[in-house]
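Colleague: Hey, dropping entry13.txt in here, compact mmCIF, C-alpha atoms:
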# COMPACT_ATOMS: atom_id res chain seq x y z
CA MET U 29 13.64 -51.40 22.31
CA THR U 30 12.71 -49.08 19.44
CA GLU U 31 10.17 -50.68 17.11
CA LEU U 32 11.25 -51.01 13.49
CA SER U 33 9.26 -48.61 11.35
CA ARG U 34 9.43 -46.76 8.06
CA ASP U 35 10.09 -43.49 9.94
CA LEU U 36 13.04 -45.06 11.76
CA VAL U 37 14.55 -46.18 8.43
CA VAL U 38 13.98 -42.78 6.80
CA GLU U 39 15.58 -41.00 9.76
CA ALA U 40 18.65 -43.27 9.56
CA LEU U 41 18.99 -42.64 5.83
CA LYS U 42 19.16 -38.90 6.46
CA GLY U 43 22.70 -39.63 7.62
CA ILE U 44 23.72 -40.70 4.10
CA ARG U 45 25.06 -37.78 2.07
CA GLY U 46 24.05 -37.39 -1.55
CA PRO U 47 26.62 -38.15 -4.27
CA ASP U 48 27.57 -34.48 -4.64
CA LEU U 49 27.40 -33.80 -0.87
CA ASP U 50 24.78 -31.06 -1.20
CA GLY U 51 22.31 -32.79 1.11
CA ASN U 52 21.23 -36.23 2.30
CA ILE U 53 19.58 -38.81 0.06
CA ILE U 54 16.17 -38.36 1.76
CA ASP U 55 16.02 -34.56 1.42
CA LEU U 56 17.27 -34.85 -2.17
CA GLY U 57 14.28 -37.10 -2.95
CA MET U 58 16.49 -39.97 -4.09
CA VAL U 59 14.84 -42.72 -2.01
CA SER U 60 11.75 -44.63 -3.15
CA ASP U 61 8.99 -45.73 -0.81
CA VAL U 62 10.40 -47.80 2.05
CA PHE U 63 8.70 -51.18 2.42
CA ILE U 64 9.16 -53.46 5.45
CA SER U 65 8.13 -57.12 5.48
CA ASP U 66 9.18 -59.85 7.90
CA ALA U 67 11.85 -57.50 9.39
CA LYS U 68 13.42 -57.04 5.95
CA VAL U 69 13.65 -53.52 4.54
CA TYR U 70 13.22 -52.89 0.80
CA PHE U 71 13.87 -49.61 -1.02
CA SER U 72 15.68 -48.19 -4.02
CA ILE U 73 17.86 -45.12 -4.60
CA ASN U 74 17.24 -43.18 -7.79
CA VAL U 75 20.45 -42.12 -9.57
CA PRO U 76 21.32 -41.12 -13.15
CA ALA U 77 21.80 -44.27 -15.24
CA GLU U 78 25.26 -43.21 -16.40
CA ARG U 79 26.46 -42.87 -12.78
CA ALA U 80 25.14 -46.21 -11.48
CA GLN U 81 28.52 -47.93 -11.29
CA GLU U 82 30.20 -44.93 -9.71
CA LEU U 83 27.46 -44.66 -7.05
CA GLU U 84 27.54 -48.31 -5.93
CA PRO U 85 29.33 -47.25 -2.66
CA LEU U 86 26.34 -44.98 -1.91
CA ARG U 87 24.01 -47.99 -2.18
CA GLN U 88 26.32 -50.06 0.05
CA ALA U 89 26.46 -47.29 2.67
CA ALA U 90 22.66 -47.05 2.75
CA GLU U 91 22.34 -50.81 3.06
CA ARG U 92 24.88 -50.99 5.92
CA THR U 93 23.12 -48.17 7.77
CA VAL U 94 19.73 -49.88 7.58
CA LYS U 95 21.08 -53.32 8.48
CA ALA U 96 22.58 -51.81 11.65
CA LEU U 97 19.16 -50.69 12.91
CA PRO U 98 17.64 -52.70 15.78
CA GLY U 99 15.21 -55.37 14.64
CA VAL U 100 16.35 -55.42 10.99
CA LYS U 101 17.00 -58.94 9.66
CA GLY U 102 18.04 -57.85 6.18
CA ALA U 103 17.93 -55.06 3.63
CA VAL U 104 17.33 -55.10 -0.12
CA VAL U 105 18.65 -51.84 -1.60
CA SER U 106 18.91 -51.26 -5.35
CA LEU U 107 20.02 -48.41 -7.53
CA THR U 108 17.34 -47.45 -10.04
CA ALA U 109 17.47 -44.97 -12.89
CA GLU U 110 14.12 -43.53 -13.82
CA ARG U 111 14.69 -41.35 -16.85
CA LYS U 112 12.31 -38.40 -17.08
CA GLN U 113 10.25 -38.36 -20.26
CA GLY U 114 11.86 -36.38 -23.02
CA SER U 115 15.32 -36.43 -21.48
CA ALA U 116 18.18 -37.53 -23.68
CA PRO U 117 19.34 -41.09 -23.10
CA PRO U 118 22.82 -41.52 -21.66
CA PRO U 119 25.57 -42.20 -24.20
CA PRO U 120 25.99 -45.89 -25.05
CA ARG U 121 28.37 -47.68 -22.71
CA PRO U 122 30.26 -50.88 -23.41
CA GLN U 123 28.17 -53.84 -22.27
CA ALA U 124 29.23 -54.71 -18.75
CA ALA U 125 28.54 -58.02 -17.10
CA ALA U 126 27.04 -57.91 -13.65
CA PRO U 127 29.70 -58.62 -11.00
CA ALA U 128 30.59 -62.29 -11.06
CA HIS U 129 30.03 -63.61 -7.56
CA GLY U 130 31.86 -66.84 -8.07
CA HIS U 131 29.02 -68.45 -10.00
CA GLY U 132 29.52 -68.73 -13.70
CA HIS U 133 30.94 -66.25 -16.14
CA ALA U 134 29.74 -63.52 -18.39
CA HIS U 135 28.83 -64.33 -21.94
CA ALA U 136 28.85 -62.01 -24.92
CA HIS U 137 25.45 -61.90 -26.56
CA ASN U 138 25.95 -61.30 -30.24
CA HIS U 139 22.88 -61.04 -32.39
CA GLY U 140 24.42 -59.35 -35.42
CA PRO U 141 24.24 -55.55 -35.54
CA ALA U 142 23.55 -53.84 -32.24
CA PRO U 143 19.85 -53.09 -31.92
CA SER U 144 18.80 -49.50 -31.64
CA GLY U 145 17.12 -48.16 -28.53
CA PRO U 146 17.46 -49.26 -24.92
CA GLN U 147 18.56 -52.83 -25.66
CA ARG U 148 22.13 -51.76 -26.38
CA THR U 149 23.12 -51.14 -22.77
CA LYS U 150 21.46 -54.13 -21.08
CA ALA U 151 23.92 -56.28 -19.17
CA GLY U 152 23.59 -60.05 -19.30
CA VAL U 153 23.40 -62.24 -16.23
CA PRO U 154 26.67 -64.12 -15.64
CA GLY U 155 26.40 -67.86 -16.20
CA ILE U 156 22.96 -67.76 -17.84
CA ASP U 157 22.92 -68.42 -21.58
CA ALA U 158 19.27 -67.63 -22.30
CA ILE U 159 16.38 -66.03 -20.43
CA ILE U 160 12.90 -66.97 -21.64
CA ALA U 161 9.97 -65.16 -20.14
CA VAL U 162 6.42 -66.49 -20.20
CA ALA U 163 3.75 -63.79 -20.36
CA SER U 164 0.02 -63.30 -20.82
CA GLY U 165 -2.13 -60.27 -21.56
CA LYS U 166 -4.48 -61.10 -18.68
CA GLY U 167 -4.70 -63.31 -15.60
CA GLY U 168 -6.49 -66.64 -15.36
CA VAL U 169 -5.11 -68.22 -18.53
CA GLY U 170 -2.82 -70.71 -16.77
CA LYS U 171 0.40 -68.81 -17.43
CA SER U 172 2.25 -69.94 -14.27
CA THR U 173 1.26 -73.59 -14.80
CA THR U 174 2.51 -73.27 -18.39
CA ALA U 175 5.75 -71.62 -17.22
CA VAL U 176 6.55 -74.30 -14.64
CA ASN U 177 5.79 -77.20 -17.00
CA LEU U 178 7.77 -75.50 -19.79
CA ALA U 179 10.76 -75.17 -17.43
CA LEU U 180 10.49 -78.83 -16.40
CA ALA U 181 10.09 -79.87 -20.05
CA LEU U 182 13.26 -77.96 -21.00
CA LYS U 183 15.00 -79.83 -18.16
CA ALA U 184 13.55 -83.15 -19.42
CA ASN U 185 14.98 -82.25 -22.84
CA GLY U 186 18.47 -82.15 -21.30
CA LEU U 187 19.01 -78.46 -20.45
CA ARG U 188 20.20 -76.85 -17.19
CA VAL U 189 17.19 -74.79 -16.10
CA GLY U 190 16.20 -72.17 -13.53
CA ILE U 191 12.86 -70.44 -12.99
CA LEU U 192 12.32 -66.89 -11.71
CA ASP U 193 8.88 -66.04 -10.37
CA ALA U 194 8.57 -62.38 -11.38
CA ASP U 195 5.00 -62.06 -10.12
CA VAL U 196 5.82 -60.28 -6.86
CA TYR U 197 2.15 -59.60 -6.04
CA GLY U 198 0.95 -63.19 -6.51
CA PRO U 199 3.96 -65.53 -6.45
CA SER U 200 2.91 -69.11 -7.21
CA MET U 201 6.15 -71.04 -7.77
CA PRO U 202 6.54 -72.22 -4.12
CA ARG U 203 3.15 -73.97 -4.37
CA LEU U 204 3.51 -75.19 -7.97
CA LEU U 205 6.93 -76.73 -7.23
CA GLY U 206 6.13 -77.93 -3.71
CA ILE U 207 8.92 -75.89 -2.08
CA SER U 208 8.73 -74.38 1.41
CA GLY U 209 11.24 -72.59 3.61
CA LYS U 210 13.45 -69.58 3.07
CA PRO U 211 16.58 -69.36 0.90
CA GLN U 212 20.02 -68.86 2.46
CA GLN U 213 22.13 -65.76 1.98
CA ILE U 214 25.86 -66.11 1.39
CA GLU U 215 28.67 -63.56 1.08
CA ASN U 216 28.04 -60.28 -0.76
CA ARG U 217 24.28 -60.49 -0.08
CA ILE U 218 23.96 -63.24 -2.68
CA ILE U 219 20.90 -65.49 -2.27
CA VAL U 220 21.11 -69.24 -2.91
CA PRO U 221 18.07 -70.26 -4.99
CA MET U 222 15.76 -73.02 -3.81
CA GLU U 223 15.68 -76.23 -5.84
CA ASN U 224 13.28 -79.03 -6.73
CA TYR U 225 12.96 -81.53 -9.59
CA GLY U 226 16.47 -80.51 -10.66
CA ILE U 227 15.64 -76.88 -11.42
CA LYS U 228 16.70 -73.78 -9.46
CA VAL U 229 13.93 -71.46 -8.30
CA MET U 230 13.65 -67.93 -6.92
CA SER U 231 10.38 -66.32 -5.86
CA MET U 232 9.20 -63.50 -3.62
CA GLY U 233 6.98 -66.23 -2.15
CA PHE U 234 10.05 -67.58 -0.33
CA LEU U 235 10.71 -64.22 1.32
CA VAL U 236 7.17 -63.13 2.21
CA ASP U 237 4.56 -65.35 3.82
CA GLU U 238 1.71 -66.50 1.59
CA GLY U 239 -1.32 -64.32 2.12
CA THR U 240 0.74 -61.19 2.92
CA ALA U 241 -0.70 -58.23 1.04
CA MET U 242 2.00 -56.77 -1.17
CA ILE U 243 1.38 -53.07 -1.64
CA TRP U 244 4.35 -51.90 -3.66
CA ARG U 245 4.91 -48.93 -5.91
CA GLY U 246 6.68 -49.33 -9.25
CA PRO U 247 10.26 -48.66 -8.05
CA MET U 248 9.87 -51.28 -5.28
CA VAL U 249 8.77 -53.91 -7.77
CA GLN U 250 11.67 -52.99 -10.05
CA SER U 251 14.10 -53.20 -7.13
CA ALA U 252 12.86 -56.62 -6.00
CA LEU U 253 12.89 -58.06 -9.54
CA MET U 254 16.42 -56.88 -10.27
CA GLN U 255 17.68 -58.35 -6.99
CA MET U 256 16.01 -61.71 -7.67
CA LEU U 257 17.58 -61.75 -11.13
CA ARG U 258 21.07 -60.38 -10.50
CA GLU U 259 21.83 -61.15 -6.83
CA VAL U 260 21.04 -64.87 -6.88
CA ALA U 261 23.65 -67.62 -7.25
CA TRP U 262 22.07 -69.17 -10.32
CA GLY U 263 25.28 -70.92 -11.33
CA ASP U 264 25.64 -71.98 -14.97
CA LEU U 265 22.27 -72.36 -16.67
CA ASP U 266 21.35 -73.00 -20.28
CA VAL U 267 18.06 -71.24 -19.73
CA LEU U 268 16.22 -69.21 -17.08
CA VAL U 269 12.44 -69.25 -17.48
CA VAL U 270 10.75 -66.13 -16.08
CA ASP U 271 7.11 -66.34 -15.02
CA MET U 272 5.93 -62.78 -15.68
CA PRO U 273 3.02 -61.13 -13.87
CA PRO U 274 -0.14 -61.07 -16.02
CA GLY U 275 -0.87 -57.96 -18.07
CA THR U 276 1.35 -55.23 -19.49
CA GLY U 277 2.22 -53.03 -16.50
CA ASP U 278 5.23 -51.73 -14.62
CA ALA U 279 6.91 -55.06 -13.81
CA GLN U 280 6.68 -56.28 -17.41
CA LEU U 281 8.20 -53.09 -18.78
CA THR U 282 10.97 -53.18 -16.18
CA MET U 283 11.95 -56.70 -17.24
CA ALA U 284 11.66 -55.93 -20.95
CA GLN U 285 13.66 -52.71 -20.74
CA GLN U 286 16.37 -53.66 -18.24
CA VAL U 287 17.23 -57.20 -19.28
CA PRO U 288 18.60 -58.27 -22.67
CA LEU U 289 15.72 -60.05 -24.34
CA SER U 290 15.61 -62.37 -27.29
CA GLY U 291 11.97 -63.28 -27.08
CA ALA U 292 8.74 -63.89 -25.26
CA VAL U 293 6.33 -66.83 -25.03
CA ILE U 294 2.71 -65.63 -24.89
CA VAL U 295 0.10 -67.82 -23.20
CA SER U 296 -3.52 -67.42 -24.28
CA THR U 297 -6.81 -69.31 -24.24
CA PRO U 298 -8.93 -69.83 -27.35
CA GLN U 299 -11.62 -67.21 -26.54
CA ASP U 300 -11.68 -63.94 -28.45
CA LEU U 301 -11.41 -61.88 -25.24
CA ALA U 302 -8.23 -63.62 -24.16
CA LEU U 303 -6.81 -63.21 -27.66
CA ILE U 304 -7.45 -59.47 -27.56
CA ASP U 305 -5.53 -59.37 -24.27
CA ALA U 306 -2.79 -61.54 -25.76
CA ARG U 307 -2.48 -59.00 -28.57
CA LYS U 308 -1.75 -56.30 -25.97
CA GLY U 309 1.16 -58.40 -24.71
CA LEU U 310 2.41 -58.92 -28.26
CA ASN U 311 2.24 -55.19 -28.98
CA MET U 312 4.12 -54.33 -25.79
CA PHE U 313 7.00 -56.65 -26.69
CA ASN U 314 7.10 -55.30 -30.24
CA LYS U 315 7.38 -51.74 -28.89
CA VAL U 316 10.39 -52.63 -26.75
CA GLU U 317 11.96 -54.64 -29.60
CA VAL U 318 11.50 -58.04 -27.98
CA PRO U 319 10.67 -60.72 -30.54
CA VAL U 320 7.85 -63.11 -29.70
CA LEU U 321 9.05 -66.72 -29.75
CA GLY U 322 5.50 -67.96 -30.14
CA ILE U 323 2.02 -68.42 -28.70
CA VAL U 324 0.80 -71.33 -26.55
CA GLU U 325 -2.96 -72.01 -26.59
CA ASN U 326 -3.77 -73.15 -23.04
CA MET U 327 -7.08 -74.80 -22.02
CA SER U 328 -7.35 -75.48 -25.73
CA TYR U 329 -9.91 -78.29 -25.37
CA PHE U 330 -11.35 -80.43 -22.57
CA ILE U 331 -10.75 -84.18 -22.25
CA ALA U 332 -13.49 -85.87 -20.21
CA PRO U 333 -11.82 -88.00 -17.53
CA ASP U 334 -14.51 -90.75 -17.70
CA THR U 335 -14.79 -91.23 -21.47
CA GLY U 336 -11.66 -89.57 -22.86
CA ASN U 337 -13.87 -87.62 -25.28
CA ARG U 338 -12.69 -84.21 -26.42
CA TYR U 339 -14.85 -81.07 -26.11
CA ASP U 340 -13.96 -77.60 -27.42
CA ILE U 341 -15.47 -75.75 -24.45
CA PHE U 342 -13.88 -72.37 -25.21
CA GLY U 343 -13.99 -72.65 -28.97
CA HIS U 344 -10.83 -73.90 -30.59
CA GLY U 345 -7.92 -72.74 -32.69
CA GLY U 346 -8.20 -69.03 -31.89
CA ALA U 347 -4.58 -68.71 -30.78
CA LYS U 348 -3.32 -70.64 -33.80
CA THR U 349 -5.27 -68.36 -36.17
CA GLU U 350 -4.00 -65.30 -34.31
CA ALA U 351 -0.39 -66.55 -34.53
CA GLU U 352 -0.75 -67.06 -38.29
CA THR U 353 -2.35 -63.63 -38.72
CA ILE U 354 0.47 -61.76 -37.01
CA GLY U 355 3.22 -64.03 -38.28
CA VAL U 356 4.59 -65.52 -35.05
CA PRO U 357 5.15 -69.23 -34.41
CA PHE U 358 2.32 -71.30 -32.93
CA LEU U 359 3.94 -73.44 -30.23
CA GLY U 360 1.14 -75.86 -29.38
CA GLU U 361 -2.20 -76.61 -27.74
CA VAL U 362 -2.41 -77.65 -24.08
CA PRO U 363 -5.70 -79.34 -23.13
CA LEU U 364 -7.77 -78.53 -20.07
CA THR U 365 -7.42 -81.70 -17.99
CA ILE U 366 -8.03 -82.54 -14.36
CA SER U 367 -4.51 -83.99 -14.04
CA ILE U 368 -2.75 -80.74 -15.04
CA ARG U 369 -4.73 -78.79 -12.42
CA GLU U 370 -4.46 -81.39 -9.65
CA THR U 371 -0.73 -82.02 -10.11
CA SER U 372 -0.02 -78.27 -10.20
CA ASP U 373 -1.97 -77.62 -7.00
CA ALA U 374 -0.17 -80.53 -5.32
CA GLY U 375 3.30 -79.19 -6.22
CA THR U 376 3.98 -82.14 -8.55
CA PRO U 377 3.59 -80.66 -12.07
CA VAL U 378 2.44 -83.09 -14.74
CA VAL U 379 5.78 -83.13 -16.59
CA VAL U 380 7.46 -84.74 -13.54
CA SER U 381 4.50 -86.64 -12.04
CA GLU U 382 3.37 -88.23 -15.33
CA PRO U 383 6.52 -87.93 -17.49
CA ASP U 384 5.34 -90.49 -20.05
CA GLY U 385 1.78 -89.17 -20.28
CA PRO U 386 0.25 -87.26 -23.21
CA GLN U 387 0.31 -83.88 -21.40
CA ALA U 388 4.02 -84.13 -20.60
CA LYS U 389 4.70 -84.92 -24.27
CA ILE U 390 2.80 -81.76 -25.32
CA TYR U 391 4.93 -79.61 -22.98
CA ARG U 392 8.16 -81.27 -24.15
CA ASP U 393 7.19 -80.59 -27.78
CA ILE U 394 6.52 -76.93 -26.91
CA ALA U 395 9.88 -76.77 -25.09
CA THR U 396 11.64 -78.17 -28.16
CA LYS U 397 10.04 -75.53 -30.42
CA VAL U 398 10.90 -72.72 -27.97
CA TRP U 399 14.53 -73.81 -27.75
CA GLU U 400 14.78 -74.08 -31.55
CA GLN U 401 13.55 -70.47 -31.75
CA VAL U 402 16.16 -69.37 -29.19
CA LYS U 403 18.97 -71.10 -31.07
CA ALA U 404 17.79 -69.75 -34.44
CA ARG U 405 17.60 -66.18 -33.14
CA SER U 406 21.02 -66.30 -31.52
CA GLY U 407 22.56 -68.09 -34.49
CA ARG U 408 24.45 -69.85 -31.67
CA VAL U 409 27.28 -67.41 -32.38
CA ALA U 410 26.95 -66.73 -28.71
CA PRO U 411 24.31 -67.66 -26.15
CA SER U 412 21.07 -65.76 -26.46
CA ILE U 413 19.09 -64.03 -23.77
CA VAL U 414 15.34 -64.35 -24.07
CA PHE U 415 12.93 -62.34 -22.00
CA GLU U 416 9.39 -61.23 -21.57
Starting from the file, lay out its structure as structure tokens.

Modeller:
Amino acid sequence: MTELSRDLVVEALKGIRGPDLDGNIIDLGMVSDVFISDAKVYFSINVPAERAQELEPLRQAAERTVKALPGVKGAVVSLTAERKQGSAPPPPRPQAAAPAHGHGHAHAHNHGPAPSGPQRTKAGVPGIDAIIAVASGKGGVGKSTTAVNLALALKANGLRVGILDADVYGPSMPRLLGISGKPQQIENRIIVPMENYGIKVMSMGFLVDEGTAMIWRGPMVQSALMQMLREVAWGDLDVLVVDMPPGTGDAQLTMAQQVPLSGAVIVSTPQDLALIDARKGLNMFNKVEVPVLGIVENMSYFIAPDTGNRYDIFGHGGAKTEAETIGVPFLGEVPLTISIRETSDAGTPVVVSEPDGPQAKIYRDIATKVWEQVKARSGRVAPSIVFE
């Protein structure tokens, strides 16, 4: 039997004619790097943004061709539109909802006058009222732990919640939420999200074994993120929390530019260095016209488990001062405690394992402030979409 390889996939794709029939999609340079993991094939086809809807059959043909190859268990094929620098943007199109796959309905997202720039053409995700992304300027500040406890706190506050793990290189949601196994696929390639503690979850960690080295170029990351966002049966959610990768790279820009955003939650620690990195995240969101919903100061102080005494190991109040300086809301201080770390590592985050404890209360207070920001920004004229 022929072994599944990148060359085999590329050769098969040479049988797919380009949209104007002047060559195949490989020779025309329309196909991104082909990535194969666990017998699943991932790639994207680059087309002009204004022709994306018209060229959906091309994407379907490529996907069918690859799925028919021996040894292929599945294929993730997306259309991407990388605009060359300096080229004119396509004319504005009416906002189109992504195809409704029997889960929820499209919402209009009215925020007053249409914003200028790329935001105007972003399509919402059917059934999801708001998308809140949690970001940090650097790694190691506890962003994923904050994201998962924020999601659980929003749920504890009475909302219908999902969480999308957008860190394709280092997905942590399977471990943080104690979920194992692989999600099911239903008709039209739609993936059923995993679920625990009453929240729906999607992560690349469910599709690729932990410890697998993910060596993806930008278009692959973009393709995977868009599939996890738009081809998952999220159902009707009040809010989808997105755990962003750390930093301000390709994946962050993809999410900020391709999804309608109403805001970002920035996670920082009190040290000056972390605050400088947090500022990079703030500046990135400002450039793509994404308002910042607020800053969370994580590892704000240490509570000694034996005495209960408080120590400001990393200094204190840096994030609060920074928030005041740049005029964004300060959402709260999360202490550095053994219980937050141990419960996270065990897949039983503190908001669900110690729901009446002081840490859970801190996260619920932060969740309340975040949701108030979302409602204020949307005016509740229509549901708001928040993103980072």

Colleague: Using Å and a single decimal, report how far CA of Ala80 (chain U) sits from CA of Ala252 (chain U).

Modeller: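 Atom-to-atom, CA of Ala252 (chain U) to CA of Ala80 (chain U), that is 17.0 Å.
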
Colleague: Nearest to Gly206 (chain U): which of U:Asn52, U:Thr335, U:Thr349, U:Asn224 is it, counting only C-alpha atoms?

Modeller: U:Asn224

Colleague: Would you please work out which residue, of U:Ser372, U:Gly336, U:Gln250, U:Gly322, is nearest to Glu352 (chain U) when using all atoms listed in the file?

Modeller: U:Gly322

Colleague: State, in Å with one decimal place, the distance from CA of Ile191 (chain U) to CA of Pro273 (chain U).

Modeller: 13.6 Å

Colleague: Can you work out which one of U:Val295, U:Leu192, U:Met254, U:Ile331 has the shortest atom-to-atom distance to Ser106 (chain U), counting all atoms listed in the file?

Modeller: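 Result for the nearest residue to Ser106 (chain U): U:Met254.
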
Colleague: Which residues are close to Leu187 (chain U), i.e. within 6 Å by all atoms listed in the file, leaving aside same-chain residues fewer than 4 positions away? Reply as a PyMOL selection string.

Modeller: chain U and resi 182-183+266

Colleague: Kindly extract all protein, DNA and RNA residues lying within 12 Å of the coordinates (12.7, -77.6, -10.6) given in the file, considering all atoms listed in the file, and supply them as a PyMOL selection string.

Modeller: chain U and resi 175-184+187-192+201-207+221-230+268-269+375-377+379-380

Colleague: Which value, in Å to one decimal, gives the distance between CA of Val220 (chain U) and CA of Lys101 (chain U)?

Modeller: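 Those two atoms sit 16.8 Å apart.
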